[in-house]
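The structure under discussion appears below in the form of structure tokens.
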Amino acid sequence: MPAPLDKTDEQILQVLRQDSRAAFVDIAARVGLSEAAVRRRVSNLVREGTIKRFTIDVDEPQTATSAITYVSVSPSAPTADVSKKLRSVKGVEIIYETTGPFDIAAIIKGASISEVNKSVEEIRRLDGVLKTETTIILRTIR
């Protein structure tokens with residue numbers, strides 16, 4: 001289990017949330033530490049699992065994605081097992097385990113509604129999926 005984060009770790013994470021490519025020297029200047037101290041802290045955050053990955057936020061209109069759906073899933077098998085199966089479905093970007101009428105929610109992205117629909121149909125055929133409810137995302141506002 002990761003150690004509790006202190007104020008400095010929180011500040012480092014905030015900088016990395018804004019720019020995951022920020023140089024250690026720039027982070028150090030913003031949080032008041034040496035570059036070596038920031039490098040060590042980031043390494044510790046990665047090793048302990050607090051930082052799972054470094055990623056980018058892509059401007060969707062610039063990519064091939066033109067269809068996004070939110071699929072709610074009601075499993076007839078253990079939720080964790082069904083969630084694991086969902087990871088293998090093409091187009092599934094992220095999976096959430098939730099409370100409410102459905103236990104799982106997934107975001108699916110594709111080049112077209114037809115492509116996304118194929119993914120939704122694949123989800124419906126998975127062992128352990130009792131029922132789904134699909135919502136098409138019309139617009140992303142940030």
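Every chain in the structure tokens has a letter given in the order shown (A, B, ...), and although residue numbers restart at 1 in each chain, ligands are simply numbered from 1 in the order shown.
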Apply DSSP to the structure's backbone, then extract all residues of stretch 80-133 of chain A labelled alpha helix (DSSP H) and return them as a JSON list (two decimals) with N, CA and C atoms, in the first residue's frame.
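Saved the output as result.json:
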```json
[["chain", "number", "residue", "atom", "x", "y", "z"],
["A", 80, "ALA", "N", -15.67, -8.04, -11.12],
["A", 80, "ALA", "CA", -14.25, -7.97, -11.48],
["A", 80, "ALA", "C", -13.94, -8.85, -12.68],
["A", 81, "ASP", "N", -14.58, -10.03, -12.77],
["A", 81, "ASP", "CA", -14.35, -10.93, -13.90],
["A", 81, "ASP", "C", -14.85, -10.32, -15.20],
["A", 82, "VAL", "N", -16.03, -9.73, -15.16],
["A", 82, "VAL", "CA", -16.60, -9.12, -16.36],
["A", 82, "VAL", "C", -15.79, -7.89, -16.76],
["A", 83, "SER", "N", -15.37, -7.09, -15.79],
["A", 83, "SER", "CA", -14.55, -5.91, -16.08],
["A", 83, "SER", "C", -13.27, -6.32, -16.80],
["A", 84, "LYS", "N", -12.67, -7.39, -16.34],
["A", 84, "LYS", "CA", -11.43, -7.89, -16.96],
["A", 84, "LYS", "C", -11.68, -8.28, -18.43],
["A", 85, "LYS", "N", -12.82, -8.92, -18.69],
["A", 85, "LYS", "CA", -13.16, -9.33, -20.06],
["A", 85, "LYS", "C", -13.37, -8.10, -20.96],
["A", 86, "LEU", "N", -13.94, -7.04, -20.40],
["A", 86, "LEU", "CA", -14.21, -5.83, -21.18],
["A", 86, "LEU", "C", -12.93, -5.20, -21.71],
["A", 113, "ILE", "N", -19.92, 5.37, -35.71],
["A", 113, "ILE", "CA", -20.95, 4.72, -34.88],
["A", 113, "ILE", "C", -20.99, 3.23, -35.19],
["A", 114, "SER", "N", -20.82, 2.87, -36.44],
["A", 114, "SER", "CA", -20.83, 1.46, -36.83],
["A", 114, "SER", "C", -19.72, 0.69, -36.12],
["A", 115, "GLU", "N", -18.53, 1.28, -36.06],
["A", 115, "GLU", "CA", -17.41, 0.63, -35.38],
["A", 115, "GLU", "C", -17.68, 0.47, -33.88],
["A", 116, "VAL", "N", -18.21, 1.52, -33.28],
["A", 116, "VAL", "CA", -18.54, 1.47, -31.85],
["A", 116, "VAL", "C", -19.64, 0.45, -31.60],
["A", 117, "ASN", "N", -20.61, 0.38, -32.50],
["A", 117, "ASN", "CA", -21.70, -0.59, -32.35],
["A", 117, "ASN", "C", -21.18, -2.02, -32.36],
["A", 118, "LYS", "N", -20.17, -2.30, -33.18],
["A", 118, "LYS", "CA", -19.56, -3.64, -33.18],
["A", 118, "LYS", "C", -18.98, -3.96, -31.80],
["A", 119, "SER", "N", -18.36, -2.97, -31.17],
["A", 119, "SER", "CA", -17.80, -3.18, -29.84],
["A", 119, "SER", "C", -18.91, -3.43, -28.82],
["A", 120, "VAL", "N", -19.99, -2.66, -28.92],
["A", 120, "VAL", "CA", -21.12, -2.83, -28.00],
["A", 120, "VAL", "C", -21.71, -4.23, -28.18],
["A", 121, "GLU", "N", -21.86, -4.67, -29.41],
["A", 121, "GLU", "CA", -22.39, -6.02, -29.67],
["A", 121, "GLU", "C", -21.47, -7.09, -29.09],
["A", 122, "GLU", "N", -20.17, -6.87, -29.20],
["A", 122, "GLU", "CA", -19.21, -7.82, -28.62],
["A", 122, "GLU", "C", -19.36, -7.88, -27.10],
["A", 123, "ILE", "N", -19.56, -6.73, -26.49],
["A", 123, "ILE", "CA", -19.76, -6.70, -25.03],
["A", 123, "ILE", "C", -21.02, -7.49, -24.67],
["A", 124, "ARG", "N", -22.08, -7.31, -25.42],
["A", 124, "ARG", "CA", -23.34, -8.01, -25.12],
["A", 124, "ARG", "C", -23.20, -9.52, -25.22],
["A", 125, "ARG", "N", -22.25, -10.00, -26.04],
["A", 125, "ARG", "CA", -22.04, -11.44, -26.20],
["A", 125, "ARG", "C", -21.08, -12.03, -25.17]]
```
Self-check item: Filtered DSSP result for chain A, state strand (DSSP E), as an MDAnalysis selection string
Solution: chainID A and resid 67:75 92:97 104:110 129:137
Go ahead and save the picked residues with C-alpha atoms, as a CSV table (one decimal), in the first residue's frame.
```csv
chain,number,residue,atom,x,y,z
A,67,ALA,CA,-17.9,8.3,-32.1
A,68,ILE,CA,-17.9,7.9,-28.3
A,69,THR,CA,-20.3,5.9,-26.2
A,70,TYR,CA,-20.9,5.3,-22.6
A,71,VAL,CA,-22.0,1.7,-22.0
A,72,SER,CA,-23.5,0.6,-18.7
A,73,VAL,CA,-23.2,-3.1,-18.0
A,74,SER,CA,-25.1,-5.3,-15.6
A,75,PRO,CA,-23.1,-8.5,-15.0
A,92,VAL,CA,-12.9,0.2,-24.9
A,93,GLU,CA,-10.9,3.1,-23.5
A,94,ILE,CA,-11.7,3.0,-19.8
A,95,ILE,CA,-13.8,0.8,-17.5
A,96,TYR,CA,-15.4,1.9,-14.2
A,97,GLU,CA,-16.9,-0.3,-11.5
A,104,ILE,CA,-19.9,-1.4,-14.7
A,105,ALA,CA,-19.5,1.5,-17.0
A,106,ALA,CA,-17.2,1.6,-20.1
A,107,ILE,CA,-16.2,4.4,-22.5
A,108,ILE,CA,-15.9,3.1,-26.1
A,109,LYS,CA,-14.3,5.2,-28.9
A,110,GLY,CA,-14.2,4.5,-32.6
A,129,VAL,CA,-23.0,-9.8,-19.3
A,130,LEU,CA,-26.7,-9.8,-18.3
A,131,LYS,CA,-27.8,-6.5,-19.8
A,132,THR,CA,-26.4,-3.2,-21.2
A,133,GLU,CA,-27.5,0.3,-21.7
A,134,THR,CA,-25.7,2.5,-24.3
A,135,THR,CA,-25.6,6.3,-24.4
A,136,ILE,CA,-24.0,8.1,-27.4
A,137,ILE,CA,-21.8,11.1,-26.4
```
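Taking atom CA of A:Val89 and atom CA of A:Arg139 as endpoints, the distance between them is 23.2 Å.
Using only C-alpha atoms, the nearest neighbour of A:Leu13 within the list A:Ser88, A:Leu138, A:Val31, A:Ser112 is A:Val31.
Nearest to A:Phe102 of all the residues A:Ser20, A:Leu33, A:Ser76, A:Leu126 is A:Ser76, counting only C-alpha atoms.
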